[in-house]
Each structure stands twice: as C-alpha cells, then as structure tokens.
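Novice: Data file input_21.tsv (TSV, C-alpha atoms) is appended below.
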chain	number	residue	atom	x	y	z
L	1	MET	CA	-17.30	-49.22	-0.35
L	2	GLY	CA	-18.34	-46.98	2.53
L	3	THR	CA	-15.74	-44.38	1.54
L	4	ASP	CA	-17.00	-44.29	-2.04
L	5	THR	CA	-20.59	-43.89	-0.85
L	6	ALA	CA	-19.63	-41.03	1.46
L	7	ARG	CA	-17.74	-39.31	-1.38
L	8	GLU	CA	-20.72	-39.68	-3.72
L	9	GLU	CA	-23.06	-38.22	-1.11
L	10	ARG	CA	-20.73	-35.26	-0.54
L	11	GLU	CA	-20.37	-34.62	-4.26
L	12	SER	CA	-24.16	-34.67	-4.67
L	13	VAL	CA	-24.50	-32.09	-1.89
L	14	VAL	CA	-21.85	-29.94	-3.55
L	15	ALA	CA	-23.63	-30.15	-6.89
L	16	ALA	CA	-26.94	-29.21	-5.30
L	17	ALA	CA	-25.31	-26.22	-3.64
L	18	GLU	CA	-24.10	-24.59	-6.86
L	19	THR	CA	-27.13	-22.29	-7.04
L	20	ALA	CA	-28.22	-22.30	-3.41
L	21	LEU	CA	-27.98	-18.57	-2.83
L	22	THR	CA	-30.84	-16.51	-4.19
L	23	PRO	CA	-29.27	-14.09	-6.73
L	24	ILE	CA	-29.80	-10.39	-6.08
L	25	ALA	CA	-29.01	-7.24	-7.97
L	26	PRO	CA	-25.37	-6.50	-7.15
L	27	PHE	CA	-24.48	-3.65	-4.78
L	28	GLY	CA	-20.97	-2.89	-6.02
L	29	ASP	CA	-18.43	-5.69	-5.79
L	30	LEU	CA	-19.21	-7.36	-2.47
L	31	PRO	CA	-22.62	-9.03	-3.06
L	32	TRP	CA	-21.47	-10.42	-6.40
L	33	ALA	CA	-18.78	-12.32	-4.49
L	34	ILE	CA	-21.36	-13.49	-1.96
L	35	VAL	CA	-23.85	-14.81	-4.49
L	36	GLN	CA	-21.12	-16.97	-6.03
L	37	MET	CA	-20.64	-18.87	-2.77
L	38	ARG	CA	-22.23	-22.27	-2.39
L	39	ALA	CA	-24.63	-22.98	0.47
L	40	VAL	CA	-26.22	-26.10	1.87
L	41	GLU	CA	-29.68	-24.52	1.71
L	42	PRO	CA	-31.03	-21.49	-0.16
L	43	ILE	CA	-30.20	-18.20	1.58
L	44	VAL	CA	-32.15	-15.03	0.95
L	45	VAL	CA	-29.70	-12.13	1.08
L	46	ASN	CA	-30.77	-9.17	3.21
L	47	GLU	CA	-30.08	-6.40	0.70
L	48	ALA	CA	-30.61	-3.62	3.26
L	49	LEU	CA	-28.06	-5.15	5.63
L	50	ILE	CA	-25.40	-5.46	2.93
L	51	ALA	CA	-26.07	-1.95	1.66
L	52	ALA	CA	-25.73	-0.65	5.22
L	53	TYR	CA	-22.43	-2.49	5.63
L	54	GLN	CA	-21.04	-0.99	2.45
L	55	ALA	CA	-22.14	2.50	3.41
L	56	ALA	CA	-20.41	2.13	6.79
L	57	SER	CA	-17.18	0.62	5.40
L	58	SER	CA	-14.27	2.02	3.43
L	59	PRO	CA	-13.76	0.80	-0.16
L	60	HIS	CA	-10.53	-0.84	1.01
L	61	SER	CA	-12.38	-2.83	3.69
L	62	VAL	CA	-14.98	-3.98	1.17
L	63	ARG	CA	-12.29	-5.07	-1.30
L	64	ALA	CA	-10.42	-6.93	1.44
L	65	LEU	CA	-13.58	-8.76	2.52
L	66	ARG	CA	-14.38	-9.73	-1.04
L	67	SER	CA	-10.86	-11.05	-1.60
L	68	ASP	CA	-10.96	-13.06	1.62
L	69	ILE	CA	-14.32	-14.72	1.01
L	70	GLU	CA	-13.44	-15.54	-2.58
L	71	ALA	CA	-10.28	-17.27	-1.34
L	72	PHE	CA	-12.25	-19.18	1.30
L	73	ASP	CA	-14.89	-20.26	-1.23
L	74	ALA	CA	-12.19	-21.36	-3.69
L	75	TRP	CA	-10.58	-23.51	-0.97
L	76	CYS	CA	-13.97	-25.03	-0.15
L	77	ARG	CA	-14.49	-25.93	-3.81
L	78	ARG	CA	-11.05	-27.52	-4.07
L	79	THR	CA	-11.64	-29.61	-0.96
L	80	GLN	CA	-15.23	-30.54	-1.89
L	81	ARG	CA	-16.86	-28.60	0.94
L	82	ILE	CA	-19.79	-26.22	1.14
L	83	ALA	CA	-18.80	-22.70	2.14
L	84	LEU	CA	-22.08	-21.63	3.77
L	85	PRO	CA	-22.73	-22.06	6.53
L	86	ALA	CA	-19.17	-22.99	7.47
L	87	THR	CA	-18.53	-25.29	10.39
L	88	PRO	CA	-15.87	-24.69	13.05
L	89	GLU	CA	-13.94	-27.67	11.67
L	90	MET	CA	-13.91	-26.13	8.19
L	91	VAL	CA	-12.68	-22.78	9.45
L	92	ALA	CA	-9.96	-24.42	11.55
L	93	ASP	CA	-8.84	-26.57	8.62
L	94	TYR	CA	-8.79	-23.53	6.34
L	95	LEU	CA	-6.62	-21.53	8.73
L	96	ASP	CA	-4.26	-24.50	9.06
L	97	ALA	CA	-4.07	-24.76	5.27
L	98	ARG	CA	-3.29	-21.04	4.84
L	99	ALA	CA	-0.67	-21.24	7.60
L	100	GLY	CA	0.90	-24.12	5.70
L	101	GLU	CA	1.11	-21.84	2.64
L	102	GLY	CA	3.05	-19.28	4.68
L	103	ALA	CA	0.29	-16.95	5.87
L	104	LYS	CA	1.29	-15.04	9.02
L	105	PRO	CA	-0.83	-15.03	12.20
L	106	ALA	CA	-1.97	-11.46	11.54
L	107	SER	CA	-3.27	-12.49	8.11
L	108	LEU	CA	-4.95	-15.56	9.58
L	109	GLY	CA	-6.73	-13.31	12.06
L	110	ARG	CA	-8.04	-11.24	9.17
L	111	TYR	CA	-9.25	-14.33	7.29
L	112	LYS	CA	-11.06	-15.50	10.42
L	113	ALA	CA	-12.68	-12.08	10.84
L	114	SER	CA	-13.79	-12.05	7.18
L	115	ILE	CA	-15.45	-15.45	7.51
L	116	ALA	CA	-17.22	-14.19	10.60
L	117	LYS	CA	-18.33	-11.02	8.80
L	118	VAL	CA	-19.85	-12.83	5.81
L	119	HIS	CA	-21.82	-15.06	8.17
L	120	GLN	CA	-23.07	-12.00	10.04
L	121	LEU	CA	-24.07	-10.29	6.78
L	122	LEU	CA	-26.01	-13.38	5.71
L	123	GLU	CA	-27.50	-13.72	9.22
L	124	LEU	CA	-25.94	-17.13	9.76
L	125	LYS	CA	-24.40	-18.54	12.91
L	126	ASP	CA	-20.77	-17.42	13.26
L	127	PRO	CA	-18.53	-20.52	13.27
L	128	THR	CA	-15.40	-18.61	14.23
L	129	GLN	CA	-16.50	-18.20	17.86
L	130	ALA	CA	-16.23	-21.93	18.51
L	131	PRO	CA	-13.45	-23.00	20.93
L	132	LEU	CA	-12.02	-25.29	18.24
L	133	VAL	CA	-11.25	-22.33	15.94
L	134	LYS	CA	-9.72	-20.25	18.72
L	135	LEU	CA	-7.56	-23.11	19.98
L	136	ARG	CA	-6.32	-24.10	16.50
L	137	LEU	CA	-5.44	-20.47	15.77
L	138	ALA	CA	-3.65	-20.22	19.13
L	139	ALA	CA	-1.71	-23.37	18.26
L	140	ILE	CA	-0.59	-21.81	14.96
L	141	ARG	CA	0.54	-18.67	16.76
L	142	ARG	CA	2.44	-20.72	19.31
L	143	ARG	CA	4.10	-22.72	16.55
L	144	THR	CA	5.05	-19.86	14.23
L	145	GLY	CA	5.22	-16.86	16.56
L	146	THR	CA	3.27	-13.63	16.17
L	147	ALA	CA	6.05	-11.21	15.21
L	148	GLN	CA	5.23	-9.28	12.04
L	149	LYS	CA	7.81	-8.34	9.44
L	150	GLN	CA	8.47	-4.63	9.84
L	151	ALA	CA	9.06	-2.26	6.95
L	152	ARG	CA	12.64	-0.99	6.83
L	153	PRO	CA	12.65	2.57	8.21
L	154	LEU	CA	13.52	5.59	6.11
L	155	ARG	CA	14.96	7.94	8.72
L	156	PHE	CA	15.98	11.50	7.94
L	157	LYS	CA	19.68	11.03	8.72
L	158	GLY	CA	19.69	7.26	8.53
L	159	PRO	CA	20.69	4.94	11.41
L	160	VAL	CA	22.10	7.58	13.78
L	161	LYS	CA	21.90	7.90	17.56
L	162	ASP	CA	21.67	11.69	17.76
L	163	VAL	CA	19.24	12.94	15.12
L	164	GLU	CA	20.34	16.55	15.67
L	165	ARG	CA	24.15	16.36	15.81
L	166	ASP	CA	25.20	13.20	13.96
L	167	GLN	CA	26.13	13.29	10.29
L	168	ALA	CA	23.72	11.57	7.93
L	169	ARG	CA	24.85	8.10	6.90
L	170	GLY	CA	23.59	4.94	5.24
L	171	LEU	CA	20.14	5.05	3.73
L	172	ASN	CA	18.75	8.46	4.67
L	173	ILE	CA	15.99	10.81	3.57
L	174	ARG	CA	18.32	13.82	3.32
L	175	ALA	CA	20.46	12.19	0.62
L	176	LEU	CA	17.41	10.90	-1.24
L	177	LEU	CA	15.86	14.38	-1.39
L	178	GLU	CA	19.08	15.93	-2.67
L	179	ALA	CA	19.38	13.25	-5.35
L	180	CYS	CA	15.91	13.92	-6.79
L	181	GLY	CA	16.18	15.69	-10.14
L	182	ASP	CA	14.75	19.05	-11.17
L	183	ASP	CA	12.60	17.61	-13.95
L	184	LEU	CA	8.89	16.99	-13.34
L	185	PRO	CA	9.26	13.42	-12.00
L	186	GLY	CA	12.09	14.53	-9.73
L	187	LEU	CA	10.15	17.52	-8.38
L	188	ARG	CA	7.12	15.29	-7.74
L	189	ASP	CA	9.21	12.66	-6.00
L	190	ARG	CA	10.99	15.23	-3.79
L	191	ALA	CA	7.70	16.78	-2.67
L	192	LEU	CA	6.11	13.36	-2.17
L	193	LEU	CA	8.97	11.91	-0.11
L	194	SER	CA	9.47	15.04	1.98
L	195	ALA	CA	5.77	15.36	2.82
L	196	ALA	CA	5.48	11.62	3.54
L	197	TYR	CA	8.29	11.81	6.09
L	198	ASP	CA	6.97	15.00	7.73
L	199	THR	CA	3.45	13.70	8.18
L	200	GLY	CA	3.96	9.95	8.61
L	201	LEU	CA	0.95	9.35	6.37
L	202	ARG	CA	0.02	5.87	5.23
L	203	ALA	CA	0.01	5.30	1.47
L	204	SER	CA	-3.78	5.63	1.14
L	205	GLU	CA	-3.71	8.88	3.13
L	206	LEU	CA	-0.73	10.29	1.24
L	207	VAL	CA	-2.28	9.89	-2.21
L	208	ALA	CA	-5.51	11.45	-0.90
L	209	VAL	CA	-3.77	14.76	-0.13
L	210	ALA	CA	-5.33	17.62	-2.08
L	211	VAL	CA	-4.13	21.19	-2.56
L	212	GLU	CA	-7.13	22.37	-0.54
L	213	HIS	CA	-5.97	20.35	2.49
L	214	ILE	CA	-2.83	22.49	2.95
L	215	VAL	CA	-3.51	25.48	5.23
L	216	ASP	CA	-1.46	28.19	6.93
L	217	ALA	CA	0.44	27.57	10.16
L	218	LEU	CA	1.67	29.99	12.83
L	219	ASP	CA	5.13	29.71	11.28
L	220	PRO	CA	4.79	31.59	7.97
L	221	GLU	CA	7.27	29.23	6.29
L	222	ALA	CA	5.51	26.04	7.44
L	223	ARG	CA	2.06	24.68	6.71
L	224	LEU	CA	-0.51	22.37	8.25
L	225	LEU	CA	-2.13	19.45	6.49
L	226	GLU	CA	-5.76	18.70	7.18
L	227	ILE	CA	-6.43	14.94	7.06
L	228	PRO	CA	-10.18	14.49	6.52
L	229	ARG	CA	-10.11	10.71	6.89
L	230	SER	CA	-7.60	7.97	7.64
L	231	LYS	CA	-7.35	4.24	8.28
L	232	ALA	CA	-7.87	4.82	12.00
L	233	ASP	CA	-10.57	7.45	11.42
L	234	GLN	CA	-13.23	5.90	9.22
L	235	GLU	CA	-15.93	8.22	10.52
L	236	GLY	CA	-14.11	11.35	9.33
L	237	GLU	CA	-13.39	13.05	12.64
L	238	GLY	CA	-10.32	14.53	10.98
L	239	ALA	CA	-6.76	15.24	12.09
L	240	THR	CA	-3.91	17.65	11.37
L	241	ALA	CA	-0.25	17.06	10.52
L	242	PHE	CA	2.73	19.42	10.33
L	243	ILE	CA	4.48	20.22	7.04
L	244	SER	CA	8.02	21.57	7.39
L	245	PRO	CA	9.39	24.56	5.45
L	246	ARG	CA	11.53	22.03	3.53
L	247	SER	CA	8.39	20.27	2.30
L	248	VAL	CA	6.58	23.55	1.67
L	249	ARG	CA	9.35	24.59	-0.73
L	250	ALA	CA	9.33	21.20	-2.45
L	251	ILE	CA	5.55	21.24	-2.86
L	252	ALA	CA	5.63	24.81	-4.22
L	253	ALA	CA	8.25	23.85	-6.82
L	254	TRP	CA	6.24	20.79	-7.87
L	255	ARG	CA	3.01	22.78	-8.18
L	256	ALA	CA	4.67	25.58	-10.16
L	257	ALA	CA	6.20	23.14	-12.64
L	258	SER	CA	3.13	20.93	-12.98
L	259	GLY	CA	0.51	23.68	-13.01
L	260	ILE	CA	-1.56	21.95	-10.32
L	261	ALA	CA	-3.87	24.59	-8.83
L	262	ALA	CA	-6.46	22.38	-7.13
L	263	GLY	CA	-7.41	18.78	-6.53
L	264	PRO	CA	-5.05	15.84	-5.96
L	265	LEU	CA	-1.52	17.04	-5.20
L	266	PHE	CA	0.48	13.92	-6.04
L	267	ARG	CA	-0.24	12.65	-9.55
L	268	ARG	CA	1.19	10.38	-12.20
L	269	VAL	CA	3.80	11.88	-14.53
L	270	GLN	CA	4.00	10.28	-17.96
L	271	VAL	CA	7.38	10.67	-19.66
L	272	ARG	CA	7.88	10.56	-23.44
L	273	ARG	CA	11.44	10.58	-24.77
L	274	TYR	CA	12.31	11.40	-28.39
L	275	LYS	CA	15.66	10.66	-30.00
L	276	ALA	CA	17.54	13.26	-32.01
L	277	ARG	CA	16.76	13.30	-35.76
L	278	LEU	CA	18.92	14.48	-38.64
L	279	ALA	CA	17.53	16.78	-41.31
L	280	ASP	CA	15.81	14.97	-44.22
L	281	PRO	CA	15.64	16.78	-47.61
L	282	GLY	CA	12.67	14.65	-48.67
L	283	ARG	CA	12.39	12.33	-51.64
L	284	PRO	CA	11.97	13.48	-55.25
L	285	ILE	CA	8.41	12.93	-56.37
L	286	ALA	CA	9.66	10.86	-59.30
L	287	SER	CA	10.99	8.27	-56.83
L	288	ILE	CA	7.58	7.68	-55.27
L	289	SER	CA	6.17	4.36	-56.48
L	290	GLY	CA	2.53	3.81	-57.30
L	291	ARG	CA	1.93	2.00	-54.07
L	292	GLU	CA	3.34	4.99	-52.16
L	293	ALA	CA	1.60	7.74	-54.13
L	294	TRP	CA	-1.15	8.04	-51.52
L	295	ASP	CA	1.40	9.41	-49.02
L	296	LEU	CA	3.09	12.42	-50.64
L	297	ARG	CA	4.38	13.58	-47.26
L	298	LYS	CA	7.48	11.54	-48.05
L	299	THR	CA	8.47	14.21	-50.58
L	300	LEU	CA	8.46	16.94	-47.92
L	301	PRO	CA	11.72	17.94	-46.24
L	302	LYS	CA	12.05	17.50	-42.46
L	303	ARG	CA	14.03	19.70	-40.15
L	304	ALA	CA	16.63	18.31	-37.81
L	305	MET	CA	15.23	17.68	-34.33
L	306	ALA	CA	17.19	17.65	-31.11
L	307	ALA	CA	16.54	14.95	-28.54
L	308	ARG	CA	13.76	16.01	-26.21
L	309	VAL	CA	11.61	14.84	-23.32
L	310	GLU	CA	7.92	15.64	-22.88
L	311	TYR	CA	5.85	15.20	-19.75
L	312	ASP	CA	2.14	14.78	-19.11
L	313	VAL	CA	0.76	15.23	-15.61
L	314	GLY	CA	-2.36	13.17	-14.94
L	315	GLU	CA	-5.61	14.41	-13.47
L	316	ALA	CA	-6.10	11.67	-10.89
L	317	ALA	CA	-4.16	10.95	-7.73
L	318	LEU	CA	-1.45	8.31	-7.58
L	319	HIS	CA	-2.55	4.80	-6.62
L	320	PRO	CA	-1.57	3.77	-3.06
L	321	GLY	CA	0.21	0.75	-4.50
L	322	SER	CA	2.62	3.00	-6.40
L	323	ILE	CA	4.22	4.54	-3.30
L	324	GLY	CA	6.48	1.64	-2.36
L	325	PRO	CA	7.86	1.30	-5.93
L	326	ILE	CA	8.44	5.07	-6.03
L	327	TRP	CA	10.50	4.91	-2.82
L	328	ARG	CA	12.58	2.06	-4.22
L	329	ARG	CA	13.09	3.93	-7.50
L	330	ILE	CA	14.22	7.06	-5.64
L	331	ILE	CA	16.71	4.99	-3.61
L	332	GLN	CA	18.11	3.24	-6.70
L	333	ARG	CA	18.50	6.57	-8.49
L	334	ALA	CA	20.25	8.14	-5.50
L	335	PHE	CA	22.67	5.20	-5.32
L	336	ASP	CA	23.40	5.39	-9.05
L	337	ARG	CA	24.21	9.10	-8.66
L	338	GLY	CA	26.63	8.45	-5.80
L	339	ALA	CA	24.45	10.09	-3.14
L	340	LEU	CA	24.64	7.03	-0.87
L	341	GLY	CA	28.40	6.74	-0.93
L	342	ASP	CA	28.81	4.56	2.17
L	343	LEU	CA	26.56	1.80	0.78
L	344	THR	CA	27.74	-1.04	-1.43
L	345	ALA	CA	25.71	-2.67	-4.18
L	346	ASP	CA	25.11	-5.64	-1.86
L	347	ASP	CA	23.89	-3.26	0.86
L	348	LEU	CA	21.46	-1.72	-1.60
L	349	VAL	CA	19.97	-5.07	-2.63
L	350	ARG	CA	19.47	-6.02	1.01
L	351	LEU	CA	17.95	-2.67	1.98
L	352	LEU	CA	15.58	-2.43	-0.97
L	353	LYS	CA	13.94	-5.73	0.01
L	354	GLY	CA	12.57	-4.15	3.17
L	355	ILE	CA	11.39	-0.84	1.71
L	356	SER	CA	7.63	-0.34	1.49
L	357	ALA	CA	5.16	2.52	1.45
L	358	HIS	CA	5.21	2.33	5.26
L	359	SER	CA	8.96	3.02	5.51
L	360	THR	CA	8.60	6.79	5.92
L	361	ARG	CA	6.06	6.32	8.71
L	362	VAL	CA	8.35	3.87	10.52
L	363	GLY	CA	11.31	6.21	9.98
L	364	LEU	CA	9.52	9.22	11.46
L	365	ASN	CA	8.35	7.09	14.37
L	366	GLN	CA	11.93	6.05	15.13
L	367	ASP	CA	13.36	9.55	14.70
L	368	LEU	CA	10.81	10.91	17.18
L	369	PHE	CA	11.81	8.22	19.65
L	370	ALA	CA	15.54	8.86	19.11
L	371	SER	CA	15.03	12.59	19.65
L	372	GLY	CA	13.61	11.91	23.11
L	373	GLU	CA	9.89	12.24	22.44
L	374	GLY	CA	7.63	10.30	24.78
L	375	LEU	CA	5.07	7.74	23.71
L	376	THR	CA	2.20	10.23	24.06
L	377	GLY	CA	3.87	12.72	21.74
L	378	ILE	CA	4.68	10.04	19.17
L	379	MET	CA	1.13	8.71	19.22
L	380	ASP	CA	-0.22	12.24	18.75
L	381	ALA	CA	2.16	13.10	15.89
L	382	LEU	CA	1.41	9.89	14.00
L	383	ARG	CA	-2.26	9.68	15.01
L	384	TRP	CA	-1.95	6.26	16.67
L	385	LYS	CA	-4.98	4.99	18.57
L	386	SER	CA	-2.99	2.32	20.41
L	387	PRO	CA	0.60	2.26	21.74
L	388	ARG	CA	1.19	-1.25	20.37
L	389	MET	CA	2.55	-0.33	16.93
L	390	PRO	CA	4.75	2.65	17.90
L	391	LEU	CA	6.30	0.49	20.61
L	392	ALA	CA	6.87	-2.32	18.13
L	393	TYR	CA	8.51	0.04	15.62
L	394	ASN	CA	10.84	1.35	18.31
L	395	ARG	CA	11.72	-2.03	19.82
L	396	ASN	CA	15.25	-2.18	18.38
L	397	LEU	CA	16.03	1.44	19.24
L	398	ALA	CA	14.67	0.92	22.75
L	399	ALA	CA	17.02	-2.02	23.26
L	400	GLU	CA	20.02	-0.02	22.09
L	401	GLN	CA	19.20	3.20	23.94
L	402	GLY	CA	17.68	1.58	27.02
L	403	ALA	CA	19.34	0.95	30.39
L	404	ALA	CA	21.41	-2.04	29.23
L	405	GLY	CA	22.52	-0.28	26.04
L	406	ARG	CA	23.63	2.83	27.96
L	407	LEU	CA	25.58	0.74	30.46
L	408	MET	CA	27.37	-1.32	27.80
L	409	ALA	CA	28.33	1.87	25.94
L	410	LYS	CA	30.03	3.15	29.11
L	411	LEU	CA	31.82	-0.14	29.73
L	412	GLY	CA	33.22	-0.20	26.20
Could you rewrite the structure in this file as structure tokens?

Specialist:
Amino acid sequence: MGTDTAREERESVVAAAETALTPIAPFGDLPWAIVQMRAVEPIVVNEALIAAYQAASSPHSVRALRSDIEAFDAWCRRTQRIALPATPEMVADYLDARAGEGAKPASLGRYKASIAKVHQLLELKDPTQAPLVKLRLAAIRRRTGTAQKQARPLRFKGPVKDVERDQARGLNIRALLEACGDDLPGLRDRALLSAAYDTGLRASELVAVAVEHIVDALDPEARLLEIPRSKADQEGEGATAFISPRSVRAIAAWRAASGIAAGPLFRRVQVRRYKARLADPGRPIASISGREAWDLRKTLPKRAMAARVEYDVGEAALHPGSIGPIWRRIIQRAFDRGALGDLTADDLVRLLKGISAHSTRVGLNQDLFASGEGLTGIMDALRWKSPRMPLAYNRNLAAEQGAAGRLMAKLG
C-alpha cells in the first residue's frame, strides 16, 4: 500500500511539473529545449543570460547542449522523475544508465557538463558537483577504462617507418590522390583530401575554408591558409597552416573546372547521368488518339543522343558530416581501380570501419612524429593547445620506435 501511495504522489508531482517553466520567446534552438523541461517549481528564465551564452558559444556547442538536455529530460520522463532541479542521485543514476547503454567515459563527462550548464543557465544549484556524482563517474571509468577509440590514420605513405625513403604501402594518401578521377567530383575530392592532410584541419574547419583564406607564401609554389576560427579557438584569434605545392595544384584544377572564384572552396557536386538514346522519327499525326491530341510533341522527330554526364556545383560549403563518407568513398574507389594492390577485400572492410573525418589529422600527426618532429613542432603544426591528444595519437608509433622497439629490431 505504501508503495502505491508513493507512486501516486510522484505521478502527481510529475503531472504538476508539465508546465512549470515560464515560457519565453525562443532564442534560436536552445531555449525551446529548456522550456520543454519539467521543473518542481516554476522557473523564470533569465533571457539575458541565455542570450549571452549563445552569443559566446559556437553553434556546434549550442546544438550539443540542446541534444544532451533533451536526452536527459527524456530519461527523466521515462523514469518518472522531474528534470529540474536535478538531484545528485538523479545525475548519478542517469550516468549509470547511459554507461549501461554503451556510452564511453568521455561522452559521460560531456553529459555531466551539459547538466551542469543548464542548471547554471537557469540559476539553479549545480548537482554535478556533489561527491556522489564524482564518485559514481569515477567508478564507471574504473570499470570500463578511459581509452577512447581512435580514428584510423590516413598517412601519406601508409604504415611506414621512414616517411621519406620507404615505398608507399597499404592504405595511403598518395595512392588515394592518384586514384581520384579528372571529372568534377574527382577534382574536388583530390583537392579536399590533399588540403586536409596538409593542414590537419578538423571537419568543421575544413568545410569552412574559403578562397579568400588562401594567401601567398615565401615559396611561390606553396600557399598559406588563414584559419579565422577553430574548435580550439572560439574567440577568433586565428591561425595559419601550410598548403603544399601538391595541394596548390589540386586546388587550382578544382577551381578552374568548377568556376569557383570566391566563397566556400569545397562544395557539393551534384551528378546527373543520362543514358544514350536512339533516334526517333516521331509518330504520324494520324496515329495520335484523341486522348493524346493535347501533346503533339509525340509527332516530332528526336535526334539520337549519346550518353552524357552533367554536373552542378552548389553554392554552399560541404557539411562537416559529409567528410568521413567522402574519405570512405575515395578509398573504396581507389581499391576498385586497383590503386591499393596490397590490400585484400577483407583488409578493406576492416580498414573502412575506422575511417572518419579525423583520419587525415591523425595521419599527419603520426607522419610528423615518424619524421622526427618533436612534440612542440607537432602541437604548433596542428594547433594543439594540450599535448594530451598528440601523444595519444602517437602512442603506438612511440612504442614501436621507442627504446624497446629499437633494441628488439637490433636483436632480430
């Protein structure tokens, strides 16, 4: 009886919370997600605070926060709980539930931060600072480990020890570039892949490249790329990356074929294919029935048409989410054309599973390490703020080329 009473009381609180937040005029996407959340007591939203947050945050950060709080609110509804203000027990239970669904510790940390942020924006006490939340999250990390799945690297010559002298092998950028066609999609893909490897740009930064960002370098055959803003530079301090003569030639060919003179450099290419058509003498007018008389074009002869392909280049930049699929499509095409001759079909399936938009950045990071560059140089080239990620990306190479690896190579 007591259990039923407690359930009824909780359900009545949930019902009363359906309209607890005071609705406000939406500021983009984020507040609309907030005003859908249920609260124990009415909450007046500080519009100026939310507007200030949105002005200070990237669109990606706002979308991520909205997604996270919607997921948290949906879990609260399913488990008959009130999302606002959350208690430490609720947050800990939520993180446990997401871990049980397969969420990695890094993702759980983001969910925790998003719950904290929405409480800060609504000027509520932050439940995530409670020892219970920190200890439960630490327990999850201890149980599952904190290693993150790394994107498979796309290195220029593939998995080689000496990036200067060794022959390219396996999955390598050189073969992929050579396998790109000379039609518009192929020219775009060659320029995109070559520039992505040179600069180590993240997907969001790569699609943001504009013609105006490419400036002269001391080497007349090379160029520099101005990066107005990046994931690690939300305030727009700016950075510069090097573009090799190889990429300069690829970009020039793509621009000449596409007619892009300004604006976004890497754009969608729509392909329309038409089959060949035999000549048609047309139908005698006497054969046209009454129901067809409205369309006398059927009496006109038609010339034979050869098969053809037409292309349309879009006006807007590619979406960041398209980069990973483009890399995988380039790899599949190169394999089909025999450009990756030392890979089997089974190798290809295994390799493609690890390819993401980040693969060129990881590949450049590893090639710099293999060529003998120090951590400072690698961090500068790839605009890292912390040594943690470049060290993580080079962990396997460091083990192979470190003291133990060198000794074992001598021992045979």

Novice: Between CA of Ser58 (chain L) and CA of Ala239 (chain L), measure the distance and give it in Å to one decimal.

Specialist: 17.5 Å

Novice: Would you pick out the contacts of Arg383 (chain L) at 9 Å or less, using all atoms listed in the file, so that residues sharing its chain but fewer than 3 positions from it are not included, and give the list as JSON, numbers by chain?

Specialist: {"L": [200, 232, 239, 240, 241, 378, 379, 380]}

Novice: Which centre and edge lengths in Å to one decimal define the box along x, y and z that fits every listed atom of region 345-352 of chain L plus 3 Å per side, as JSON?

Specialist:
{"center_x": 20.6, "center_y": -3.9, "center_z": -1.1, "size_x": 16.1, "size_y": 10.3, "size_z": 12.2}

Novice: Let me make sure I understand: among L:Glu70, L:Asp183, L:Asp198, L:Glu47, which one has the smallest atom-to-atom distance to Asp367 (chain L) if we use all atoms listed in the file?

Specialist: L:Asp198

Novice: Using all atoms listed in the file, can you tell me which of L:Ala203, L:Ala217, L:Ala339, L:Val271 comes closest to Ser356 (chain L)?

Specialist: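 The shortest atom-to-atom distance to Ser356 (chain L) comes from L:Ala203.
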
Novice: Out of L:Met305, L:Met90, L:Leu364, L:Leu193, which residue has the shortest atom-to-atom distance to Ala381 (chain L) when counting only C-alpha atoms?

Specialist: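 With only C-alpha atoms as the atom set, the closest residue is L:Leu364.
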
Novice: Using all atoms listed in the file, which of the listed residues (L:Pro88, L:Pro245, L:Gly363, L:Gly238) sits closest to Asp216 (chain L)?

Specialist: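 Between L:Pro88, L:Pro245, L:Gly363, L:Gly238, the residue approaching Asp216 (chain L) most closely is L:Pro245.
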
Novice: If you measure from CA of Ser204 (chain L) to CA of Ala113 (chain L), what distance in Å do you get, rounded to one decimal?

Specialist: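 So the answer is 22.1 Å.
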
Novice: For CA of Lys104 (chain L) and CA of Val349 (chain L), determine how far apart the two atoms are, in Å to one decimal place.

Specialist: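 The value is 24.2 Å.
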
Novice: Of the candidates L:Pro281, L:Gly109, L:Pro85, L:Gly341, which one gets nearest to Asp73 (chain L) if we count all atoms listed in the file?

Specialist: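 Ranked by minimum distance to Asp73 (chain L), first place goes to L:Pro85.
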
Novice: With distances taken over only C-alpha atoms, which of L:Leu65, L:Leu201, L:Ala279, L:Ile140 is nearest to Tyr111 (chain L)?

Specialist: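 Residue with the minimum atom-to-atom distance to Tyr111 (chain L): L:Leu65.
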
Novice: Within 8 Å of (-29.4, -10.3, 0.9) (coordinates as in the file), grab all the protein and nucleic acid residues, counting all atoms listed in the file, and write them out as a PDB file with C-alpha atoms, in the coordinates of the input.

Specialist:
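Written file, part_21.pdb:
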ATOM      1  CA  ILE L  24     -29.800 -10.390  -6.080  1.00  0.00           C
ATOM      2  CA  PRO L  31     -22.620  -9.030  -3.060  1.00  0.00           C
ATOM      3  CA  ILE L  43     -30.200 -18.200   1.580  1.00  0.00           C
ATOM      4  CA  VAL L  44     -32.150 -15.030   0.950  1.00  0.00           C
ATOM      5  CA  VAL L  45     -29.700 -12.130   1.080  1.00  0.00           C
ATOM      6  CA  ASN L  46     -30.770  -9.170   3.210  1.00  0.00           C
ATOM      7  CA  GLU L  47     -30.080  -6.400   0.700  1.00  0.00           C
ATOM      8  CA  ALA L  48     -30.610  -3.620   3.260  1.00  0.00           C
ATOM      9  CA  LEU L  49     -28.060  -5.150   5.630  1.00  0.00           C
ATOM     10  CA  ILE L  50     -25.400  -5.460   2.930  1.00  0.00           C
ATOM     11  CA  LEU L 121     -24.070 -10.290   6.780  1.00  0.00           C
ATOM     12  CA  LEU L 122     -26.010 -13.380   5.710  1.00  0.00           C
TER      13      LEU L 122
END

Novice: Skipping near chain neighbours, those fewer than 5 positions away, what residues fall within 10 Å of Ala116 (chain L) using all atoms listed in the file, listed as an MDAnalysis selection string?

Specialist: chainID L and resid 86 91 110:111 121 124:129
